[in-house]
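**Student:** Sending over a structure as structure tokens; questions will come in a sec.
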Amino acid sequence: MRVVAWVLVLACVALYSFDSFRAWLQEDVAPVNEERVAVTVFPEAMKNIRPIDNPDAYIRQRQEVARIQAQKVAEEEKIRLENERQAALAKAQEKPTLKPLPEAIQAQARAQSETDFASICLRTSILSQKALPAINRSLQSAGLLEAFQIESELSADRYVVFIVPSATRKGAEILARQIKKQGFASARVITEGPLHNAVQLGSFNSEQQAQTYLEESAKKLDMTALRVSRIIGKATGRVSLVFANLNEKQEQSLRRIAQQHGFKLASCY
């Protein structure tokens, strides 16, 4: 019986082993052209890709971007070349370093330099603006057109006695008529400047005169709204020319021009 049992066990093992061996053999020798299921590669990478609606417009846009970039590069290159040119020009204009001169020659050079660059300042007498064009032509010929400054002559300052400004022009005119009836014949409305719409009673050369007139007028009118103000002189249409930092050569040229046009020169100091 034991022998029979072992025989049955070995038969079962052989049967099951043969089925497994046959399945493995069929899988290993399967034809290579067997159809297989296609696998999608990187599906996530394709989800943001969109078709181009208008290829011509897209091409023109890319060409315009390329043109702008090329233009920018060309401008930068132009600026770089211009900077190099300016640097080369500045270097070429640099004065060469001079070798030390002997003491005697150095002293003579210093004396000549002091003469050439002497600081001389001259002022002309009062000139009419009508005479300036002819004088300017002479100054231009002598190279002195840019060597002077113009100073306008102003009239003398005045001191004005006035009644404080009204809110409106009409109110100031009514007040001026009332003041005239009280004996101030010269009363008038000031129509410009910081005293606009004030009523002027009088104008004087000195502050003392104006103050005295204010006190008298305040008593006569019984008013406390009177004031004194200094009015800066106005341009008279006449000027003087100031020439600064002249050397002797320029001074001689300027004196010849002064003699030619009949004006006088005086030192600025």
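Residues are named by chain letter and number: chains run A, B, ... in the order of the structure tokens, numbers start at 1 in each chain, and ligands are numbered from 1 in the order shown.
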Residues of stretch 195-220 of chain A within 9 Å of stretch 168-182 of chain A: nearest atom pair and distance (Å, one decimal) for each, counting only C-alpha atoms, sorted by chain and number, as CSV?
**Tutor:**
residue,atom,partner,partner_atom,distance
A:His196,CA,A:Arg169,CA,8.5
A:Asn197,CA,A:Arg169,CA,5.5
A:Ala198,CA,A:Ala172,CA,6.5
A:Val199,CA,A:Ala176,CA,6.1
A:Gln200,CA,A:Ala176,CA,8.4
A:Leu201,CA,A:Ile179,CA,8.6
A:Lys220,CA,A:Gln182,CA,8.6
**Student:** Could you take the residues named above and write them with N, CA, C and O atoms, as a PDB file, in the first residue's frame?
**Tutor:**
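Here's the written file again-v3.pdb:
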ATOM      1  N   HIS A 196      -3.305 146.159  -6.486  1.00  0.00           N
ATOM      2  CA  HIS A 196      -4.459 146.142  -7.381  1.00  0.00           C
ATOM      3  C   HIS A 196      -5.752 146.420  -6.619  1.00  0.00           C
ATOM      4  O   HIS A 196      -6.001 145.843  -5.567  1.00  0.00           O
ATOM      5  N   ASN A 197      -6.571 147.371  -7.130  1.00  0.00           N
ATOM      6  CA  ASN A 197      -7.848 147.809  -6.549  1.00  0.00           C
ATOM      7  C   ASN A 197      -7.684 148.650  -5.285  1.00  0.00           C
ATOM      8  O   ASN A 197      -8.664 148.876  -4.566  1.00  0.00           O
ATOM      9  N   ALA A 198      -6.458 149.111  -5.012  1.00  0.00           N
ATOM     10  CA  ALA A 198      -6.264 150.092  -3.941  1.00  0.00           C
ATOM     11  C   ALA A 198      -6.472 151.492  -4.515  1.00  0.00           C
ATOM     12  O   ALA A 198      -6.349 151.711  -5.723  1.00  0.00           O
ATOM     13  N   VAL A 199      -6.774 152.480  -3.658  1.00  0.00           N
ATOM     14  CA  VAL A 199      -6.951 153.871  -4.085  1.00  0.00           C
ATOM     15  C   VAL A 199      -5.721 154.657  -3.669  1.00  0.00           C
ATOM     16  O   VAL A 199      -5.442 154.804  -2.473  1.00  0.00           O
ATOM     17  N   GLN A 200      -4.966 155.141  -4.648  1.00  0.00           N
ATOM     18  CA  GLN A 200      -3.745 155.897  -4.376  1.00  0.00           C
ATOM     19  C   GLN A 200      -4.094 157.365  -4.130  1.00  0.00           C
ATOM     20  O   GLN A 200      -4.812 157.990  -4.905  1.00  0.00           O
ATOM     21  N   LEU A 201      -3.546 157.912  -3.027  1.00  0.00           N
ATOM     22  CA  LEU A 201      -3.758 159.325  -2.702  1.00  0.00           C
ATOM     23  C   LEU A 201      -2.595 160.189  -3.142  1.00  0.00           C
ATOM     24  O   LEU A 201      -2.782 161.357  -3.496  1.00  0.00           O
ATOM     25  N   LYS A 220      -7.770 164.106   8.061  1.00  0.00           N
ATOM     26  CA  LYS A 220      -8.771 164.781   7.225  1.00  0.00           C
ATOM     27  C   LYS A 220      -9.907 163.834   6.836  1.00  0.00           C
ATOM     28  O   LYS A 220     -11.069 164.215   6.819  1.00  0.00           O
TER      29      LYS A 220
END
**Student:** Can you pull out the residues contacting A:Ile150? Cut-off 12 Å, using only C-alpha atoms, and skip same-chain residues under 4 positions away; I want them as a count of residues only.
**Tutor:** 19
**Student:** With only C-alpha atoms as the counted atoms, please give the residues lying no more than 8 Å from stretch 222-233 of chain A, apart from itself and same-chain residues fewer than 2 positions off, as a ChimeraX atom specification.
**Tutor:** /A:154-164,207,210-211,214,217-220,235
**Student:** Among stretch 48-259 of chain A, which ones does DSSP assign to alpha helix (DSSP H) (computed from the backbone)? Answer as a PyMOL selection string.
**Tutor:** chain A and resi 55-93+103-116+132-141+169-181+207-221+248-259
**Student:** Env of A:Ala134: 12 Å cut, atoms = only C-alpha atoms, seq-sep filter 3 positions within chain, self excluded. Answer as number ranges by chain.
**Tutor:** A: 127-131, 137-141, 145, 257-258, 260-262
**Student:** Enumerate the residues of stretch 144-240 of chain A with a DSSP assignment of strand (DSSP E), computed from the backbone, and present them as a PyMOL selection string.
**Tutor:** chain A and resi 148-154+158-163+188-189+199-204+226-231+235-240
**Student:** Can I get the selection written as an mmCIF file, in the first residue's frame, with N, CA and C atoms?
**Tutor:**
data_model
loop_
_atom_site.group_PDB
_atom_site.id
_atom_site.type_symbol
_atom_site.label_atom_id
_atom_site.label_comp_id
_atom_site.auth_asym_id
_atom_site.auth_seq_id
_atom_site.Cartn_x
_atom_site.Cartn_y
_atom_site.Cartn_z
ATOM 1 N N PHE A 148 30.143 140.167 -21.797
ATOM 2 C CA PHE A 148 29.500 141.176 -20.960
ATOM 3 C C PHE A 148 28.124 140.727 -20.511
ATOM 4 N N GLN A 149 27.619 141.432 -19.494
ATOM 5 C CA GLN A 149 26.256 141.245 -19.002
ATOM 6 C C GLN A 149 25.535 142.586 -19.072
ATOM 7 N N ILE A 150 24.230 142.532 -19.307
ATOM 8 C CA ILE A 150 23.429 143.753 -19.415
ATOM 9 C C ILE A 150 22.756 144.034 -18.081
ATOM 10 N N GLU A 151 22.875 145.269 -17.619
ATOM 11 C CA GLU A 151 22.170 145.703 -16.416
ATOM 12 C C GLU A 151 21.216 146.823 -16.797
ATOM 13 N N SER A 152 19.931 146.611 -16.568
ATOM 14 C CA SER A 152 18.924 147.617 -16.915
ATOM 15 C C SER A 152 18.909 148.727 -15.874
ATOM 16 N N GLU A 153 18.714 149.954 -16.343
ATOM 17 C CA GLU A 153 18.603 151.092 -15.430
ATOM 18 C C GLU A 153 17.142 151.233 -15.021
ATOM 19 N N LEU A 154 16.895 151.323 -13.741
ATOM 20 C CA LEU A 154 15.540 151.464 -13.216
ATOM 21 C C LEU A 154 15.298 152.897 -12.774
ATOM 22 N N ARG A 158 9.601 154.819 -5.542
ATOM 23 C CA ARG A 158 8.578 155.763 -5.096
ATOM 24 C C ARG A 158 7.899 155.222 -3.836
ATOM 25 N N TYR A 159 7.346 156.132 -3.041
ATOM 26 C CA TYR A 159 6.612 155.770 -1.836
ATOM 27 C C TYR A 159 5.170 156.240 -2.006
ATOM 28 N N VAL A 160 4.245 155.308 -1.990
ATOM 29 C CA VAL A 160 2.850 155.575 -2.316
ATOM 30 C C VAL A 160 1.996 155.521 -1.053
ATOM 31 N N VAL A 161 1.125 156.527 -0.905
ATOM 32 C CA VAL A 161 0.129 156.528 0.160
ATOM 33 C C VAL A 161 -1.187 156.055 -0.461
ATOM 34 N N PHE A 162 -1.807 155.051 0.144
ATOM 35 C CA PHE A 162 -3.000 154.462 -0.469
ATOM 36 C C PHE A 162 -3.958 153.958 0.602
ATOM 37 N N ILE A 163 -5.204 153.749 0.142
ATOM 38 C CA ILE A 163 -6.219 153.117 0.986
ATOM 39 C C ILE A 163 -6.232 151.635 0.634
ATOM 40 N N ARG A 188 -6.773 158.039 -7.309
ATOM 41 C CA ARG A 188 -7.053 157.182 -8.465
ATOM 42 C C ARG A 188 -6.951 155.723 -8.046
ATOM 43 N N VAL A 189 -7.549 154.834 -8.856
ATOM 44 C CA VAL A 189 -7.520 153.394 -8.582
ATOM 45 C C VAL A 189 -6.243 152.798 -9.180
ATOM 46 N N VAL A 199 -6.774 152.480 -3.658
ATOM 47 C CA VAL A 199 -6.951 153.871 -4.085
ATOM 48 C C VAL A 199 -5.721 154.657 -3.669
ATOM 49 N N GLN A 200 -4.966 155.141 -4.648
ATOM 50 C CA GLN A 200 -3.745 155.897 -4.376
ATOM 51 C C GLN A 200 -4.094 157.365 -4.130
ATOM 52 N N LEU A 201 -3.546 157.912 -3.027
ATOM 53 C CA LEU A 201 -3.758 159.325 -2.702
ATOM 54 C C LEU A 201 -2.595 160.189 -3.142
ATOM 55 N N GLY A 202 -1.372 159.661 -3.116
ATOM 56 C CA GLY A 202 -0.212 160.449 -3.509
ATOM 57 C C GLY A 202 1.024 159.582 -3.654
ATOM 58 N N SER A 203 2.034 160.100 -4.374
ATOM 59 C CA SER A 203 3.289 159.381 -4.610
ATOM 60 C C SER A 203 4.444 160.325 -4.304
ATOM 61 N N PHE A 204 5.477 159.816 -3.577
ATOM 62 C CA PHE A 204 6.546 160.693 -3.083
ATOM 63 C C PHE A 204 7.911 160.036 -3.293
ATOM 64 N N LEU A 226 -5.357 153.719 5.836
ATOM 65 C CA LEU A 226 -4.318 154.273 4.970
ATOM 66 C C LEU A 226 -2.989 153.576 5.249
ATOM 67 N N ARG A 227 -2.218 153.385 4.194
ATOM 68 C CA ARG A 227 -0.925 152.710 4.299
ATOM 69 C C ARG A 227 0.103 153.406 3.411
ATOM 70 N N VAL A 228 1.397 153.115 3.691
ATOM 71 C CA VAL A 228 2.509 153.572 2.856
ATOM 72 C C VAL A 228 3.226 152.338 2.316
ATOM 73 N N SER A 229 3.527 152.334 1.027
ATOM 74 C CA SER A 229 4.239 151.204 0.426
ATOM 75 C C SER A 229 5.327 151.720 -0.514
ATOM 76 N N ARG A 230 6.452 151.011 -0.520
ATOM 77 C CA ARG A 230 7.555 151.356 -1.411
ATOM 78 C C ARG A 230 7.362 150.648 -2.754
ATOM 79 N N ILE A 231 7.388 151.397 -3.845
ATOM 80 C CA ILE A 231 7.239 150.848 -5.189
ATOM 81 C C ILE A 231 8.615 150.868 -5.867
ATOM 82 N N ALA A 235 11.805 149.723 -15.301
ATOM 83 C CA ALA A 235 12.831 149.814 -16.341
ATOM 84 C C ALA A 235 12.626 151.074 -17.168
ATOM 85 N N THR A 236 13.723 151.762 -17.462
ATOM 86 C CA THR A 236 13.643 153.028 -18.200
ATOM 87 C C THR A 236 13.957 152.857 -19.683
ATOM 88 N N GLY A 237 14.345 151.655 -20.104
ATOM 89 C CA GLY A 237 14.738 151.467 -21.496
ATOM 90 C C GLY A 237 16.200 151.778 -21.736
ATOM 91 N N ARG A 238 16.951 152.084 -20.683
ATOM 92 C CA ARG A 238 18.386 152.340 -20.797
ATOM 93 C C ARG A 238 19.148 151.275 -20.009
ATOM 94 N N VAL A 239 20.356 150.954 -20.475
ATOM 95 C CA VAL A 239 21.134 149.872 -19.877
ATOM 96 C C VAL A 239 22.597 150.275 -19.762
ATOM 97 N N SER A 240 23.324 149.465 -19.011
ATOM 98 C CA SER A 240 24.784 149.571 -18.972
ATOM 99 C C SER A 240 25.343 148.162 -19.169
#
**Student:** To one decimal place in Å, what is the distance between atom CA of A:Ala57 and atom CA of A:Glu75?
**Tutor:** 26.9 Å
**Student:** Find the residue from A:Glu251, A:Gln259, A:Thr191, A:Glu76 that sits nearest to A:Leu122; use only C-alpha atoms when measuring.
**Tutor:**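 Going through A:Glu251, A:Gln259, A:Thr191, A:Glu76 one by one, the smallest distance to A:Leu122 is for A:Glu251.
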**Student:** Calculate how many Å separate atom CA of A:Asn83 from atom CA of A:Ala66, rounding to one decimal.
**Tutor:**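 It comes out at 26.0 Å.
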**Student:** Determine the nearest neighbour of A:Pro165 from the options A:Phe263, A:Glu64, A:Lys249, A:Leu195, counting only C-alpha atoms.
**Tutor:** A:Leu195
**Student:** Rounded to one decimal in Å, what is the spacing between atom CA of A:Ala266 and atom CA of A:Cys121?
**Tutor:**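 Computing it gives 8.6 Å between the two atoms.
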